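Colleague: Data: target_22.tsv, TSV, C-alpha atoms.
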```tsv
chain	number	residue	atom	x	y	z
A	1	MET	CA	0.00	0.00	0.00
A	2	ASP	CA	2.79	2.32	0.86
A	3	TYR	CA	4.89	1.38	-2.08
A	4	THR	CA	2.39	1.78	-4.86
A	5	ALA	CA	3.37	4.82	-6.82
A	6	ASP	CA	0.00	6.06	-7.91
A	7	GLN	CA	0.74	9.75	-8.22
A	8	SER	CA	3.96	11.53	-8.79
A	9	GLY	CA	6.52	9.38	-7.05
A	10	PHE	CA	7.76	10.08	-3.54
A	11	ARG	CA	6.07	13.38	-3.03
A	12	GLN	CA	2.65	11.81	-2.50
A	13	GLN	CA	3.69	8.85	-0.39
A	14	PRO	CA	4.17	10.53	2.97
A	15	THR	CA	0.85	12.34	2.74
A	16	MET	CA	-0.84	9.12	1.66
A	17	ARG	CA	0.64	7.47	4.71
A	18	LEU	CA	-0.68	10.29	6.88
A	19	ARG	CA	-4.15	10.05	5.45
A	20	ASN	CA	-4.21	6.27	5.84
A	21	TYR	CA	-3.45	6.56	9.52
A	22	SER	CA	-5.86	9.35	10.23
A	23	ALA	CA	-8.87	7.75	8.54
A	24	GLU	CA	-8.88	4.64	10.71
A	25	GLY	CA	-12.57	4.49	11.52
A	26	PRO	CA	-15.65	6.68	11.42
A	27	ASP	CA	-15.42	7.73	15.05
A	28	ALA	CA	-11.79	8.72	14.73
A	29	SER	CA	-12.59	11.38	12.20
A	30	GLN	CA	-15.55	12.55	14.29
A	31	LEU	CA	-13.59	12.95	17.51
A	32	PHE	CA	-10.40	14.40	16.20
A	33	GLU	CA	-10.82	16.56	13.16
A	34	ASP	CA	-7.82	16.99	10.98
A	35	THR	CA	-6.90	20.60	11.60
A	36	SER	CA	-3.62	20.23	9.80
A	37	GLY	CA	-5.06	21.31	6.45
A	38	VAL	CA	-3.13	24.58	6.34
A	39	GLY	CA	-0.01	23.28	7.98
A	40	SER	CA	0.22	20.06	6.02
A	41	ALA	CA	1.97	21.76	3.13
A	42	SER	CA	4.92	22.75	5.28
A	43	GLN	CA	4.73	19.52	7.28
A	44	SER	CA	4.72	17.30	4.21
A	45	GLY	CA	7.67	19.31	2.90
A	46	LEU	CA	9.65	18.40	6.00
A	47	ARG	CA	8.55	14.78	5.92
A	48	ASN	CA	9.44	14.50	2.27
A	49	GLN	CA	13.01	15.28	3.05
A	50	GLN	CA	13.07	12.76	5.88
A	51	ALA	CA	11.15	10.01	4.12
A	52	GLY	CA	12.82	10.46	0.75
A	53	PRO	CA	16.06	8.63	1.42
A	54	GLN	CA	14.18	6.02	3.49
A	55	SER	CA	11.75	5.19	0.70
A	56	SER	CA	14.52	4.81	-1.82
A	57	GLY	CA	16.30	2.49	0.61
A	58	PHE	CA	13.23	0.32	1.05
A	59	ALA	CA	12.50	0.07	-2.63
A	60	GLY	CA	16.03	-1.02	-3.29
A	61	GLN	CA	16.12	-3.91	-0.82
A	62	SER	CA	15.86	-7.30	-2.44
A	63	LEU	CA	15.54	-9.04	0.93
A	64	LEU	CA	11.83	-8.26	1.03
A	65	SER	CA	11.15	-9.89	-2.30
A	66	GLU	CA	12.29	-13.38	-1.23
A	67	PRO	CA	9.37	-15.72	-0.58
A	68	MET	CA	10.70	-17.30	2.64
A	69	SER	CA	11.27	-14.00	4.36
A	70	ASN	CA	7.83	-12.87	3.16
A	71	LEU	CA	6.29	-15.85	4.87
A	72	ALA	CA	8.29	-15.27	8.02
A	73	MET	CA	7.34	-11.62	8.06
A	74	ALA	CA	3.67	-12.39	7.55
A	75	TYR	CA	3.70	-14.95	10.33
A	76	GLY	CA	5.60	-12.67	12.66
A	77	SER	CA	3.30	-9.75	12.04
A	78	SER	CA	0.19	-11.87	12.59
A	79	LEU	CA	1.65	-13.19	15.84
A	80	ALA	CA	2.48	-9.69	16.97
A	81	SER	CA	-0.98	-8.43	16.17
A	82	GLN	CA	-2.56	-11.35	18.01
A	83	GLY	CA	-0.43	-10.69	21.02
A	84	ARG	CA	-1.26	-7.04	20.96
A	85	GLU	CA	-4.98	-7.78	20.68
A	86	MET	CA	-4.80	-10.00	23.73
A	87	VAL	CA	-2.89	-7.44	25.75
A	88	ASP	CA	-5.30	-4.71	24.71
A	89	LYS	CA	-8.33	-6.76	25.60
A	90	ASN	CA	-6.95	-7.67	29.02
A	91	LEU	CA	-5.75	-4.20	29.74
A	92	ASP	CA	-9.06	-2.76	28.71
A	93	ARG	CA	-10.72	-4.68	31.49
A	94	PHE	CA	-8.79	-2.82	34.18
A	95	ILE	CA	-8.09	0.54	32.67
A	96	PRO	CA	-10.72	1.55	30.12
A	97	ILE	CA	-8.28	2.72	27.51
A	98	SER	CA	-10.84	2.82	24.74
A	99	LYS	CA	-12.82	5.39	26.69
A	100	LEU	CA	-9.81	7.53	27.41
A	101	LYS	CA	-9.75	8.99	23.95
A	102	TYR	CA	-13.09	10.66	24.50
A	103	TYR	CA	-11.67	12.66	27.34
A	104	PHE	CA	-8.96	14.12	25.19
A	105	ALA	CA	-11.22	15.08	22.30
A	106	VAL	CA	-11.10	18.77	23.03
A	107	ASP	CA	-10.80	21.83	20.92
A	108	THR	CA	-9.67	25.35	21.62
A	109	VAL	CA	-13.15	26.76	22.14
A	110	TYR	CA	-13.94	24.15	24.75
A	111	VAL	CA	-10.68	24.70	26.60
A	112	GLY	CA	-11.22	28.45	26.64
A	113	ARG	CA	-14.78	28.13	27.89
A	114	LYS	CA	-13.88	25.56	30.51
A	115	LEU	CA	-11.03	27.63	31.87
A	116	GLY	CA	-13.38	30.57	32.08
A	117	LEU	CA	-15.89	28.39	33.93
A	118	LEU	CA	-13.26	27.23	36.37
A	119	VAL	CA	-12.35	30.76	37.31
A	120	PHE	CA	-15.79	32.35	37.04
A	121	PRO	CA	-18.64	29.85	37.34
A	122	TYR	CA	-21.22	32.27	38.65
A	123	MET	CA	-22.92	33.23	35.41
A	124	HIS	CA	-23.31	29.78	33.88
A	125	GLU	CA	-26.85	28.50	34.03
A	126	ASN	CA	-27.14	25.07	32.49
A	127	TRP	CA	-24.78	22.57	34.12
A	128	GLU	CA	-26.39	19.46	32.71
A	129	VAL	CA	-24.30	17.14	30.56
A	130	SER	CA	-26.09	15.94	27.48
A	131	TYR	CA	-26.73	12.21	27.64
A	132	GLN	CA	-25.08	9.72	25.34
A	133	GLN	CA	-25.62	5.97	25.31
A	134	ASP	CA	-22.48	3.95	25.98
A	135	THR	CA	-19.67	6.28	25.34
A	136	PRO	CA	-18.69	9.23	27.42
A	137	VAL	CA	-19.65	12.58	25.98
A	138	ALA	CA	-16.79	14.04	24.05
A	139	PRO	CA	-16.00	17.44	25.52
A	140	ARG	CA	-15.95	19.22	22.24
A	141	PHE	CA	-19.71	18.76	21.97
A	142	ASP	CA	-20.66	19.87	25.46
A	143	VAL	CA	-18.95	22.37	27.65
A	144	ASN	CA	-20.14	20.65	30.82
A	145	ALA	CA	-18.52	17.32	30.03
A	146	PRO	CA	-15.37	16.46	32.01
A	147	ASP	CA	-12.13	16.13	30.12
A	148	LEU	CA	-8.65	14.99	30.98
A	149	TYR	CA	-6.74	17.48	28.88
A	150	ILE	CA	-7.00	20.39	31.30
A	151	PRO	CA	-6.08	18.31	34.37
A	152	ALA	CA	-3.10	16.74	32.63
A	153	MET	CA	-1.79	20.04	31.33
A	154	GLY	CA	-2.57	21.68	34.65
A	155	PHE	CA	-0.59	19.08	36.54
A	156	ILE	CA	2.46	19.48	34.34
A	157	THR	CA	2.21	23.25	34.46
A	158	TYR	CA	1.86	23.13	38.23
A	159	VAL	CA	5.10	21.15	38.53
A	160	LEU	CA	6.90	23.60	36.27
A	161	VAL	CA	5.51	26.65	38.07
A	162	ALA	CA	6.48	25.08	41.39
A	163	GLY	CA	10.00	24.67	40.09
A	164	LEU	CA	9.97	28.30	38.98
A	165	ALA	CA	8.73	29.47	42.36
A	166	LEU	CA	11.36	27.46	44.17
A	167	GLY	CA	13.97	28.79	41.83
A	168	THR	CA	13.17	32.39	42.66
A	169	GLN	CA	13.83	31.57	46.29
A	170	ASN	CA	17.08	29.78	45.50
A	171	ARG	CA	15.71	26.55	46.79
A	172	PHE	CA	15.67	24.76	43.49
A	173	SER	CA	17.40	21.56	42.53
A	174	PRO	CA	16.36	19.21	39.70
A	175	GLU	CA	15.22	16.43	41.92
A	176	LEU	CA	12.79	18.75	43.62
A	177	LEU	CA	10.75	18.72	40.42
A	178	GLY	CA	10.35	15.00	40.73
A	179	VAL	CA	9.50	15.31	44.42
A	180	GLN	CA	6.82	17.91	43.71
A	181	ALA	CA	5.37	15.85	40.89
A	182	SER	CA	5.20	12.63	42.83
A	183	SER	CA	3.79	14.17	45.97
A	184	ALA	CA	1.07	16.00	44.01
A	185	LEU	CA	0.31	12.75	42.20
A	186	VAL	CA	0.07	10.88	45.50
A	187	TRP	CA	-2.35	13.44	46.92
A	188	LEU	CA	-4.43	13.19	43.76
A	189	ILE	CA	-4.58	9.40	43.94
A	190	MET	CA	-5.49	9.48	47.61
A	191	GLU	CA	-8.21	12.02	46.98
A	192	VAL	CA	-9.72	9.98	44.15
A	193	LEU	CA	-9.62	6.83	46.29
A	194	ALA	CA	-11.22	8.63	49.22
A	195	VAL	CA	-14.01	9.94	46.99
A	196	LEU	CA	-14.54	6.46	45.52
A	197	LEU	CA	-14.71	4.94	48.99
A	198	SER	CA	-17.20	7.50	50.22
A	199	LEU	CA	-19.34	7.08	47.12
A	200	TYR	CA	-19.40	3.34	47.74
A	201	LEU	CA	-20.31	3.73	51.38
A	202	VAL	CA	-23.19	6.08	50.71
A	203	THR	CA	-24.47	3.81	47.90
A	204	VAL	CA	-24.98	6.53	45.40
A	205	ASN	CA	-26.16	5.19	42.07
A	206	THR	CA	-24.39	7.49	39.75
A	207	ASP	CA	-22.83	7.30	36.34
A	208	LEU	CA	-19.67	8.97	37.51
A	209	THR	CA	-16.75	6.84	36.46
A	210	THR	CA	-13.31	6.81	38.02
A	211	ILE	CA	-11.97	8.84	35.14
A	212	ASP	CA	-14.65	11.48	35.72
A	213	LEU	CA	-13.56	11.75	39.34
A	214	LEU	CA	-9.97	12.01	38.24
A	215	ALA	CA	-10.93	14.82	35.89
A	216	PHE	CA	-12.86	16.71	38.55
A	217	SER	CA	-10.04	16.36	41.03
A	218	GLY	CA	-7.60	17.61	38.45
A	219	TYR	CA	-9.45	20.84	37.80
A	220	LYS	CA	-8.07	22.42	40.93
A	221	TYR	CA	-4.61	22.66	39.40
A	222	VAL	CA	-5.82	25.61	37.35
A	223	GLY	CA	-6.63	27.59	40.48
A	224	MET	CA	-3.34	26.59	42.08
A	225	ILE	CA	-1.37	27.79	39.08
A	226	VAL	CA	-3.21	31.12	39.05
A	227	GLY	CA	-2.51	31.52	42.75
A	228	VAL	CA	1.17	30.73	42.54
A	229	VAL	CA	1.72	32.95	39.51
A	230	ALA	CA	-0.06	35.82	41.23
A	231	GLY	CA	2.07	35.18	44.28
A	232	LEU	CA	5.20	35.35	42.18
A	233	LEU	CA	4.16	38.57	40.53
A	234	PHE	CA	2.55	40.42	43.41
A	235	GLY	CA	3.88	38.78	46.57
A	236	ARG	CA	1.90	37.34	49.42
A	237	PRO	CA	-1.18	39.61	49.21
A	238	GLY	CA	-1.60	38.72	45.54
A	239	TYR	CA	-1.24	35.05	46.34
A	240	TYR	CA	-3.83	35.10	49.08
A	241	LEU	CA	-6.34	37.16	47.13
A	242	SER	CA	-6.15	35.10	43.96
A	243	LEU	CA	-6.15	31.84	45.92
A	244	LEU	CA	-9.26	32.96	47.79
A	245	TRP	CA	-10.97	33.82	44.52
A	246	CYS	CA	-10.01	30.52	42.89
A	247	CYS	CA	-11.00	28.50	45.96
A	248	ALA	CA	-14.46	30.05	45.98
A	249	ALA	CA	-14.76	29.48	42.23
A	250	ILE	CA	-13.75	25.82	42.45
A	251	PHE	CA	-16.10	25.30	45.39
A	252	VAL	CA	-19.08	26.64	43.47
A	253	PHE	CA	-18.03	24.79	40.32
A	254	MET	CA	-17.78	21.43	42.11
A	255	ILE	CA	-21.04	21.87	43.97
A	256	ARG	CA	-22.96	22.79	40.85
A	257	THR	CA	-21.45	19.97	38.83
A	258	LEU	CA	-21.72	17.25	41.46
A	259	ARG	CA	-25.19	18.21	42.54
A	260	LEU	CA	-26.54	17.09	39.21
A	261	LYS	CA	-24.64	13.83	39.23
A	262	LEU	CA	-24.94	12.72	42.84
A	263	LEU	CA	-28.29	14.13	43.81
A	264	SER	CA	-29.99	13.82	40.44
A	265	GLU	CA	-31.62	10.54	41.27
A	266	ALA	CA	-33.18	11.92	44.40
A	267	VAL	CA	-34.18	15.14	42.72
A	268	ALA	CA	-35.64	13.31	39.75
A	269	GLU	CA	-37.63	10.93	41.92
A	270	GLY	CA	-38.90	13.78	43.97
A	271	LYS	CA	-38.69	11.70	47.12
A	272	LEU	CA	-38.33	14.24	49.81
A	273	VAL	CA	-39.55	11.81	52.43
A	274	ARG	CA	-36.19	10.21	52.92
A	275	GLY	CA	-34.62	13.30	54.32
A	276	ALA	CA	-31.73	11.43	55.87
A	277	ARG	CA	-30.50	10.03	52.58
A	278	ASN	CA	-30.72	13.30	50.76
A	279	GLN	CA	-29.01	15.03	53.60
A	280	LEU	CA	-26.19	12.50	53.58
A	281	ARG	CA	-25.67	12.99	49.87
A	282	MET	CA	-25.69	16.74	50.27
A	283	TYR	CA	-23.07	16.45	52.99
A	284	LEU	CA	-21.02	14.22	50.71
A	285	THR	CA	-21.17	16.73	47.87
A	286	MET	CA	-20.24	19.58	50.17
A	287	SER	CA	-17.31	17.72	51.67
A	288	ILE	CA	-15.95	16.76	48.26
A	289	ALA	CA	-16.22	20.38	47.17
A	290	ALA	CA	-14.71	21.66	50.41
A	291	ALA	CA	-11.74	19.34	50.09
A	292	GLN	CA	-10.64	21.12	46.93
A	293	PRO	CA	-9.71	24.48	48.52
A	294	VAL	CA	-7.96	22.63	51.34
A	295	PHE	CA	-5.81	20.77	48.85
A	296	MET	CA	-5.21	23.90	46.85
A	297	TYR	CA	-3.83	25.68	49.87
A	298	TRP	CA	-1.90	22.67	51.14
A	299	LEU	CA	-0.10	22.10	47.88
A	300	THR	CA	0.91	25.69	47.25
A	301	TYR	CA	1.56	27.48	50.52
A	302	HIS	CA	5.12	26.26	50.78
A	303	LEU	CA	5.92	27.75	47.40
A	304	ILE	CA	5.31	31.33	48.42
A	305	ARG	CA	7.57	32.95	50.95
B	1	ARG	CA	9.67	22.05	54.35
B	2	SER	CA	9.61	19.93	51.25
B	3	GLU	CA	10.86	16.85	53.10
B	4	LYS	CA	7.65	16.77	55.03
B	5	MET	CA	5.79	16.66	51.79
B	6	ALA	CA	8.00	14.18	50.05
B	7	PHE	CA	5.30	11.65	49.51
B	8	THR	CA	6.41	9.31	46.85
B	9	LEU	CA	4.51	6.59	45.10
B	10	TYR	CA	6.57	4.13	47.09
B	11	SER	CA	5.24	5.41	50.38
B	12	LEU	CA	1.73	5.20	48.96
B	13	ILE	CA	2.27	1.55	48.08
B	14	GLN	CA	3.65	0.91	51.56
B	15	ALA	CA	0.65	2.57	53.18
B	16	ALA	CA	-1.72	0.60	50.96
B	17	ILE	CA	-0.08	-2.71	51.86
B	18	LEU	CA	-0.23	-1.90	55.56
B	19	CYS	CA	-3.90	-0.92	55.37
B	20	VAL	CA	-4.90	-4.03	53.48
B	21	ASN	CA	-2.99	-6.16	55.95
B	22	ALA	CA	-4.82	-4.45	58.78
B	23	VAL	CA	-8.17	-5.27	57.22
B	24	ALA	CA	-7.13	-8.84	56.53
B	25	VAL	CA	-6.23	-9.69	60.12
B	26	LEU	CA	-9.73	-8.95	61.43
B	27	HIS	CA	-10.99	-12.38	62.26
B	28	GLU	CA	-14.56	-13.19	61.46
B	29	GLU	CA	-15.81	-15.15	64.45
B	30	ARG	CA	-13.38	-14.12	67.12
B	31	PHE	CA	-13.63	-10.41	66.67
B	32	LEU	CA	-16.13	-9.09	64.17
B	33	SER	CA	-19.09	-11.00	65.50
B	34	LYS	CA	-18.27	-9.90	69.02
B	35	ILE	CA	-18.54	-6.24	68.12
B	36	GLY	CA	-21.58	-6.71	65.94
B	37	TRP	CA	-19.84	-6.52	62.61
B	38	GLY	CA	-20.23	-10.14	61.58
B	39	VAL	CA	-21.69	-11.26	58.29
B	40	ASP	CA	-24.76	-12.73	59.90
B	41	GLN	CA	-25.72	-9.33	61.19
B	42	SER	CA	-25.58	-7.67	57.82
B	43	VAL	CA	-28.83	-8.99	56.42
B	44	GLY	CA	-30.88	-5.86	56.19
B	45	GLY	CA	-34.26	-5.17	54.70
B	46	PHE	CA	-34.63	-6.14	51.09
B	47	GLY	CA	-36.16	-3.05	49.61
B	48	ASP	CA	-34.46	-0.75	52.02
B	49	GLU	CA	-31.11	0.71	51.24
B	50	PRO	CA	-28.12	-0.64	53.12
B	51	GLY	CA	-26.71	1.85	55.55
B	52	ILE	CA	-23.10	2.82	55.95
B	53	LYS	CA	-22.38	0.16	58.55
B	54	VAL	CA	-23.66	-2.64	56.34
B	55	GLN	CA	-21.64	-1.32	53.42
B	56	LEU	CA	-18.52	-1.19	55.58
B	57	MET	CA	-19.08	-4.73	56.77
B	58	ASN	CA	-19.52	-5.92	53.21
B	59	LEU	CA	-16.39	-4.08	52.20
B	60	VAL	CA	-14.37	-5.67	55.00
B	61	ARG	CA	-15.64	-9.10	54.14
B	62	SER	CA	-14.99	-8.76	50.43
B	63	VAL	CA	-11.51	-7.32	50.96
B	64	ARG	CA	-10.68	-10.23	53.20
B	65	THR	CA	-11.97	-12.76	50.72
B	66	VAL	CA	-10.36	-11.26	47.67
B	67	MET	CA	-7.00	-10.22	49.05
B	68	ARG	CA	-6.21	-13.28	51.14
B	69	VAL	CA	-4.07	-15.09	48.61
B	70	PRO	CA	-2.41	-12.11	46.91
B	71	LEU	CA	-1.48	-10.72	50.30
B	72	ILE	CA	0.53	-13.84	51.06
B	73	ALA	CA	2.59	-13.28	47.95
B	74	VAL	CA	2.97	-9.53	48.43
B	75	ASN	CA	3.93	-9.86	52.07
B	76	SER	CA	6.54	-12.52	51.32
B	77	VAL	CA	8.07	-10.34	48.64
B	78	CYS	CA	8.12	-7.36	51.01
B	79	ILE	CA	9.74	-9.39	53.78
B	80	VAL	CA	12.44	-10.72	51.51
B	81	LEU	CA	13.14	-7.26	50.05
B	82	LEU	CA	13.30	-5.62	53.45
B	83	LEU	CA	15.59	-8.30	54.79
B	84	LEU	CA	17.91	-7.97	51.86
B	85	PHE	CA	17.93	-4.23	51.38
B	86	GLY	CA	16.86	-2.77	54.67
```
Before anything else, please render the file you have as structure tokens.

Modeller:
Amino acid sequence: MDYTADQSGFRQQPTMRLRNYSAEGPDASQLFEDTSGVGSASQSGLRNQQAGPQSSGFAGQSLLSEPMSNLAMAYGSSLASQGREMVDKNLDRFIPISKLKYYFAVDTVYVGRKLGLLVFPYMHENWEVSYQQDTPVAPRFDVNAPDLYIPAMGFITYVLVAGLALGTQNRFSPELLGVQASSALVWLIMEVLAVLLSLYLVTVNTDLTTIDLLAFSGYKYVGMIVGVVAGLLFGRPGYYLSLLWCCAAIFVFMIRTLRLKLLSEAVAEGKLVRGARNQLRMYLTMSIAAAQPVFMYWLTYHLIR
Amino acid sequence: RSEKMAFTLYSLIQAAILCVNAVAVLHEERFLSKIGWGVDQSVGGFGDEPGIKVQLMNLVRSVRTVMRVPLIAVNSVCIVLLLLFG
């Protein structure tokens, strides 16, 4: 497939290879649109130069035309693909990798709106996530859907900003970056496990998956970064003011988002008789939301002197 | 200041192993039944929702059942590693 010269020689082959890989299935083109239309001219120019000598090398090899090595290659590749299928299927049971791609299907508009929501959630009215059958809602279609792009980028940026803050106080050394990263990761894992445990104990029937909880817990990194940067620019008063603002914003954001997911069953049923159960769920929502500012302060106060 | 916060993934794994061991040593008839946390006391109403205590008891029982054999292996590995490397 790659070696058929249908158009003008080598110049078309790299772009054909690109298009073959990007048009894997119908959902791939729906989730991730190919925004490289403008940039592909310059990109394919670069790849031409890299792939040119490689293609000529491949075409010239006579090893691949021998029948025995063809058979061996076919057998080896089928064995490898079988092995990979098995690993994927087993791994998919524990970590839902096939669902992960939905959480990264973001676009710039969504990221901008979500960041605005995280810092200023007071004007937003409709917090309901539109329902979709089996698959998680891709964030590019609904601004209320959780994503993993912002938490991942926020985590990495937090580690870098922490290194910057430590550097301005002459306390920096390269292994401190690793220490910051691993301790923040440990706190994140413990928080997600604590939320999972409390959700199990209160027997809430919700469609919140573990990845959703991970996403919600990761949204606080945005507030932490804003706080630390303000602290670097304006000193302690700036840090405290911006951290206060971001803590309040994250608190309101979490309450409004979780209220629909945790309490929706009770609200939809309209059963106000069981006051104890509703009250317990409300307490659970409030404690999850209140844990966010605590973590935000705990993870950043040592960075500002 | 940062040494206090130097939580690594390794310390998380250690804490997890210790916690699971702690849950696994709770004996069913000698201890849990005596304090009213046995499995025979967890049969609640059918249509009613299980409360927190029942959920906790179920959690303890299922952790003990599931983690009994893997804990043997994990503990042996830990003991050998700690003996060898301190």

Colleague: With distances taken over all atoms listed in the file, which of B:Gly86, B:Phe7, B:Val63, B:Pro70 is nearest to Cys19 (chain B)?

Modeller: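 Nearest to Cys19 (chain B): B:Val63.
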
Colleague: Under the rule that all atoms listed in the file are counted, which of B:Leu56, B:Leu32, B:Leu26, B:Ala16 is the nearest residue to chain A?

Modeller: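 With all atoms listed in the file as the atom set, the closest residue is B:Leu56.
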
Colleague: I need the chain A residues near chain B as a PyMOL selection string; criterion: at most 12 Å, counting only C-alpha atoms.

Modeller: chain A and resi 162+166+171-173+175-190+193+197-205+274+276-277+280+298-305

Colleague: Between CA of Met123 (chain A) and CA of Gly231 (chain A), what is the distance, to one decimal in Å?

Modeller: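 Pair CA of Met123 (chain A) / CA of Gly231 (chain A) returns 26.6 Å.
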
Colleague: Between CA of Asp142 (chain A) and CA of Thr285 (chain A), what is the distance, to one decimal in Å?

Modeller: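 Distance reported for this atom pair: 22.6 Å.
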